[in-house]
Amino acid sequence: MSLLKLSNISAFYNHSQALFDVHLSVEEGEVLALMGRNGMGKSTTIKVICGLLSNRGGVLQFGEDNIVGMPAHKIARKGVGLVPEGRRCFADLTVFENLIAAARSGEWDFEAVTKLFPRLAERKDQAAGTLSGGEQQMLAIGRALMTNPKLLLLDEATEGLAPVVRQEIWSAIAKLKSETAMAIIVVDKSLKELSLVADKAVILEKGVSVWSGDYGSLTSDITDKYLGI
């Protein structure tokens, strides 16, 4: 059984339909790249998975649970951790306070997170709003990890970051893949970096899943057609 399964998902913002037929699945320990041009439904799909936007049709299953209509906080407690686009750290709280804000007991605690991102230990008592963009992204990932999720959702986790920081984030994702059984869905445009971590890919076009398969099966014809690369 898939850890997460979406099929025939549709979703709306008020009266405007954003998703028409999205389907994907991810197994425990897998990394799935969710791809597509801007505005094609990637972040909307993430919101549906997290319960931040209700789907109006289709199957949305996490483990053995049907999570359609379930409140976001209950989905999070079932083991879904979100690193949202734009980071959204609590600016006035310290690094440590951000990390423990939604922490749950498990393997991922302050020590484990700061081993993955040593800079967070150095900034422990610093207000999150004073961190660099890269440090805030590490904090957002660390905060999600401290909920001890079964599934980690990374929505544009490297966008707008300096190359050296981007590499740190990709290295952390690779380490999570190799050393844990966590499933990960990554929304990103970096084909080269995704090729080093992703097992599978799903491409969205105007709110529809138009291609899915092993990441290694992505050809230049497919990326040219759907990603404009």
# chains A, B, ... in the order shown; residues from 1 in each chain; ligands from 1
call {"tool": "closest_atom_pairs", "arguments": {"of": "region 21-126 of chain A", "to": "region 3-7 of chain A", "cutoff": "12 Å", "atoms": "only C-alpha atoms", "output": "Markdown table"}}
result
| residue | atom | partner | partner_atom | distance |
| --- | --- | --- | --- | --- |
| A:Asp21 | CA | A:Ser7 | CA | 7.3 |
| A:Val22 | CA | A:Ser7 | CA | 6.0 |
| A:His23 | CA | A:Ser7 | CA | 4.1 |
| A:Leu24 | CA | A:Leu6 | CA | 5.2 |
| A:Ser25 | CA | A:Lys5 | CA | 4.4 |
| A:Val26 | CA | A:Leu4 | CA | 5.4 |
| A:Glu27 | CA | A:Leu3 | CA | 5.0 |
| A:Glu28 | CA | A:Leu3 | CA | 5.8 |
| A:Gly29 | CA | A:Leu3 | CA | 9.4 |
| A:Glu30 | CA | A:Leu3 | CA | 9.6 |
| A:Val31 | CA | A:Leu3 | CA | 11.9 |
| A:Leu32 | CA | A:Leu4 | CA | 11.0 |
| A:Thr45 | CA | A:Leu6 | CA | 9.5 |
| A:Ile46 | CA | A:Leu6 | CA | 11.1 |
| A:Val48 | CA | A:Leu6 | CA | 9.7 |
| A:Ile49 | CA | A:Leu6 | CA | 8.4 |
| A:Cys50 | CA | A:Leu4 | CA | 11.4 |
| A:Asn55 | CA | A:Leu6 | CA | 10.5 |
| A:Arg56 | CA | A:Ser7 | CA | 12.0 |
| A:Gly57 | CA | A:Ser7 | CA | 9.0 |
| A:Gly58 | CA | A:Ser7 | CA | 5.6 |
| A:Val59 | CA | A:Ser7 | CA | 5.1 |
| A:Leu60 | CA | A:Leu6 | CA | 4.8 |
| A:Gln61 | CA | A:Lys5 | CA | 5.2 |
| A:Phe62 | CA | A:Leu4 | CA | 4.6 |
| A:Gly63 | CA | A:Leu3 | CA | 4.7 |
| A:Glu64 | CA | A:Leu3 | CA | 8.2 |
| A:Asp65 | CA | A:Leu4 | CA | 9.5 |
| A:Asn66 | CA | A:Lys5 | CA | 9.7 |
| A:Ile67 | CA | A:Leu4 | CA | 10.1 |
| A:Val68 | CA | A:Leu6 | CA | 10.3 |
| A:Ile75 | CA | A:Leu4 | CA | 11.8 |
| A:Lys78 | CA | A:Leu3 | CA | 11.3 |
| A:Gly79 | CA | A:Leu3 | CA | 10.3 |
| A:Val80 | CA | A:Leu4 | CA | 9.9 |
call {"tool": "write_last_selection", "arguments": {"atoms": "N, CA and C atoms", "output": "mmCIF file, in the first residue's frame"}}
result
data_model
loop_
_atom_site.group_PDB
_atom_site.id
_atom_site.type_symbol
_atom_site.label_atom_id
_atom_site.label_comp_id
_atom_site.auth_asym_id
_atom_site.auth_seq_id
_atom_site.Cartn_x
_atom_site.Cartn_y
_atom_site.Cartn_z
ATOM 1 N N ASP A 21 -7.483 16.921 -12.528
ATOM 2 C CA ASP A 21 -7.299 15.467 -12.484
ATOM 3 C C ASP A 21 -5.858 15.172 -12.097
ATOM 4 N N VAL A 22 -5.578 15.299 -10.803
ATOM 5 C CA VAL A 22 -4.226 15.050 -10.309
ATOM 6 C C VAL A 22 -4.163 13.672 -9.683
ATOM 7 N N HIS A 23 -3.164 12.912 -10.070
ATOM 8 C CA HIS A 23 -2.961 11.609 -9.447
ATOM 9 C C HIS A 23 -1.467 11.390 -9.223
ATOM 10 N N LEU A 24 -1.143 10.872 -8.051
ATOM 11 C CA LEU A 24 0.236 10.537 -7.723
ATOM 12 C C LEU A 24 0.221 9.586 -6.541
ATOM 13 N N SER A 25 1.329 8.903 -6.352
ATOM 14 C CA SER A 25 1.483 8.050 -5.175
ATOM 15 C C SER A 25 2.945 8.055 -4.778
ATOM 16 N N VAL A 26 3.189 7.900 -3.480
ATOM 17 C CA VAL A 26 4.556 7.834 -2.983
ATOM 18 C C VAL A 26 4.623 6.786 -1.892
ATOM 19 N N GLU A 27 5.682 5.994 -1.951
ATOM 20 C CA GLU A 27 5.885 4.918 -0.983
ATOM 21 C C GLU A 27 6.802 5.394 0.141
ATOM 22 N N GLU A 28 6.794 4.656 1.224
ATOM 23 C CA GLU A 28 7.714 4.939 2.318
ATOM 24 C C GLU A 28 9.147 4.920 1.796
ATOM 25 N N GLY A 29 9.924 5.938 2.146
ATOM 26 C CA GLY A 29 11.322 6.008 1.751
ATOM 27 C C GLY A 29 11.577 6.546 0.360
ATOM 28 N N GLU A 30 10.530 6.821 -0.407
ATOM 29 C CA GLU A 30 10.693 7.334 -1.765
ATOM 30 C C GLU A 30 10.787 8.856 -1.784
ATOM 31 N N VAL A 31 11.466 9.368 -2.806
ATOM 32 C CA VAL A 31 11.469 10.800 -3.085
ATOM 33 C C VAL A 31 10.763 11.010 -4.423
ATOM 34 N N LEU A 32 9.708 11.808 -4.394
ATOM 35 C CA LEU A 32 8.917 12.111 -5.588
ATOM 36 C C LEU A 32 9.120 13.569 -5.960
ATOM 37 N N THR A 45 -1.591 21.440 -5.161
ATOM 38 C CA THR A 45 -1.600 20.020 -4.803
ATOM 39 C C THR A 45 -1.041 19.818 -3.401
ATOM 40 N N ILE A 46 0.040 20.521 -3.076
ATOM 41 C CA ILE A 46 0.615 20.443 -1.735
ATOM 42 C C ILE A 46 -0.407 20.897 -0.696
ATOM 43 N N VAL A 48 -3.635 20.759 -0.899
ATOM 44 C CA VAL A 48 -4.671 19.726 -0.779
ATOM 45 C C VAL A 48 -4.185 18.588 0.114
ATOM 46 N N ILE A 49 -2.955 18.149 -0.091
ATOM 47 C CA ILE A 49 -2.401 17.062 0.722
ATOM 48 C C ILE A 49 -2.407 17.444 2.202
ATOM 49 N N CYS A 50 -2.090 18.701 2.487
ATOM 50 C CA CYS A 50 -1.982 19.167 3.876
ATOM 51 C C CYS A 50 -3.323 19.555 4.496
ATOM 52 N N ASN A 55 -10.279 19.352 -1.437
ATOM 53 C CA ASN A 55 -10.557 18.849 -2.774
ATOM 54 C C ASN A 55 -12.034 18.526 -2.893
ATOM 55 N N ARG A 56 -12.567 18.700 -4.074
ATOM 56 C CA ARG A 56 -14.008 18.466 -4.299
ATOM 57 C C ARG A 56 -14.282 17.128 -4.967
ATOM 58 N N GLY A 57 -13.254 16.433 -5.338
ATOM 59 C CA GLY A 57 -13.456 15.135 -5.959
ATOM 60 C C GLY A 57 -12.182 14.333 -5.926
ATOM 61 N N GLY A 58 -12.320 13.010 -5.999
ATOM 62 C CA GLY A 58 -11.176 12.137 -6.058
ATOM 63 C C GLY A 58 -10.842 11.479 -4.736
ATOM 64 N N VAL A 59 -9.756 10.704 -4.762
ATOM 65 C CA VAL A 59 -9.306 9.931 -3.602
ATOM 66 C C VAL A 59 -8.057 10.591 -3.020
ATOM 67 N N LEU A 60 -8.066 10.757 -1.707
ATOM 68 C CA LEU A 60 -6.918 11.301 -0.993
ATOM 69 C C LEU A 60 -6.700 10.428 0.231
ATOM 70 N N GLN A 61 -5.679 9.581 0.155
ATOM 71 C CA GLN A 61 -5.459 8.582 1.201
ATOM 72 C C GLN A 61 -4.041 8.665 1.726
ATOM 73 N N PHE A 62 -3.911 8.625 3.054
ATOM 74 C CA PHE A 62 -2.609 8.630 3.702
ATOM 75 C C PHE A 62 -2.529 7.383 4.571
ATOM 76 N N GLY A 63 -1.678 6.443 4.178
ATOM 77 C CA GLY A 63 -1.668 5.148 4.845
ATOM 78 C C GLY A 63 -3.017 4.467 4.643
ATOM 79 N N GLU A 64 -3.628 4.074 5.734
ATOM 80 C CA GLU A 64 -4.941 3.432 5.659
ATOM 81 C C GLU A 64 -6.080 4.426 5.841
ATOM 82 N N ASP A 65 -5.749 5.703 6.004
ATOM 83 C CA ASP A 65 -6.757 6.705 6.337
ATOM 84 C C ASP A 65 -7.192 7.515 5.121
ATOM 85 N N ASN A 66 -8.492 7.686 4.978
ATOM 86 C CA ASN A 66 -9.050 8.634 4.026
ATOM 87 C C ASN A 66 -9.000 10.011 4.684
ATOM 88 N N ILE A 67 -8.192 10.921 4.137
ATOM 89 C CA ILE A 67 -8.022 12.218 4.790
ATOM 90 C C ILE A 67 -8.778 13.338 4.078
ATOM 91 N N VAL A 68 -9.691 12.980 3.189
ATOM 92 C CA VAL A 68 -10.532 13.985 2.536
ATOM 93 C C VAL A 68 -11.340 14.727 3.600
ATOM 94 N N ILE A 75 -4.201 16.233 9.948
ATOM 95 C CA ILE A 75 -3.350 15.619 8.927
ATOM 96 C C ILE A 75 -1.892 15.707 9.364
ATOM 97 N N LYS A 78 -1.003 13.091 11.811
ATOM 98 C CA LYS A 78 -0.892 11.750 11.238
ATOM 99 C C LYS A 78 0.479 11.501 10.629
ATOM 100 N N GLY A 79 1.264 12.593 10.461
ATOM 101 C CA GLY A 79 2.618 12.403 9.982
ATOM 102 C C GLY A 79 2.969 13.108 8.693
ATOM 103 N N VAL A 80 2.298 14.224 8.406
ATOM 104 C CA VAL A 80 2.616 15.008 7.216
ATOM 105 C C VAL A 80 3.281 16.310 7.659
#
call {"tool": "residues_around", "arguments": {"residues": "Glu85 (chain A)", "least_positions_apart": "5", "cutoff": "9 Å", "atoms": "only C-alpha atoms", "output": "list in words"}}
result
Ser43, Leu154, Asp155, Glu156, Ala157 and Glu159 of chain A
call {"tool": "write_last_selection", "arguments": {"atoms": "C-alpha atoms", "output": "short mmCIF file (atom, residue, chain, number, x, y, z; two decimals), in the first residue's frame"}}
result
data_model
loop_
_atom_site.label_atom_id
_atom_site.label_comp_id
_atom_site.auth_asym_id
_atom_site.auth_seq_id
_atom_site.Cartn_x
_atom_site.Cartn_y
_atom_site.Cartn_z
CA SER A 43 1.61 24.29 -4.69
CA LEU A 154 9.20 20.60 0.34
CA ASP A 155 7.59 23.39 -1.69
CA GLU A 156 10.30 25.31 -3.60
CA ALA A 157 12.81 24.76 -0.79
CA GLU A 159 14.16 28.97 -4.66
#
call {"tool": "select_by_dssp", "arguments": {"residues": "region 48-135 of chain A", "states": "helix (DSSP H, G or I)", "output": "PyMOL selection string"}}
result
chain A and resi 48-50+72-78+95-100+110-116+118-122+128-130+133-135
call {"tool": "residues_around", "arguments": {"residues": "region 123-125 of chain A", "least_positions_apart": "3", "cutoff": "7 Å", "atoms": "only C-alpha atoms", "output": "PDB file with N, CA and C atoms, in the first residue's frame"}}
result
ATOM      1  N   THR A  94      12.763  32.920  18.650  1.00  0.00           N
ATOM      2  CA  THR A  94      14.134  32.482  18.412  1.00  0.00           C
ATOM      3  C   THR A  94      14.136  31.218  17.555  1.00  0.00           C
ATOM      4  N   VAL A  95      15.319  30.856  17.097  1.00  0.00           N
ATOM      5  CA  VAL A  95      15.474  29.613  16.342  1.00  0.00           C
ATOM      6  C   VAL A  95      14.966  28.431  17.165  1.00  0.00           C
ATOM      7  N   PHE A  96      15.376  28.359  18.404  1.00  0.00           N
ATOM      8  CA  PHE A  96      14.958  27.250  19.265  1.00  0.00           C
ATOM      9  C   PHE A  96      13.445  27.241  19.450  1.00  0.00           C
ATOM     10  N   ARG A 119      24.380  25.222  11.600  1.00  0.00           N
ATOM     11  CA  ARG A 119      24.217  26.661  11.777  1.00  0.00           C
ATOM     12  C   ARG A 119      23.055  27.014  12.697  1.00  0.00           C
ATOM     13  N   LEU A 120      22.064  26.138  12.765  1.00  0.00           N
ATOM     14  CA  LEU A 120      20.920  26.410  13.636  1.00  0.00           C
ATOM     15  C   LEU A 120      21.317  26.347  15.105  1.00  0.00           C
TER      16      LEU A 120
END
call {"tool": "select_by_dssp", "arguments": {"residues": "region 16-201 of chain A", "states": "strand (DSSP E)", "output": "MDAnalysis selection string"}}
result
chainID A and resid 16:26 31:35 55:62 65:66 80:83 151:155 183:187 200:201
call {"tool": "residues_around", "arguments": {"residues": "Gly36 (chain A)", "least_positions_apart": "6", "cutoff": "7 Å", "atoms": "only C-alpha atoms", "output": "MDAnalysis selection string"}}
result
chainID A and resid 203:205 226:227
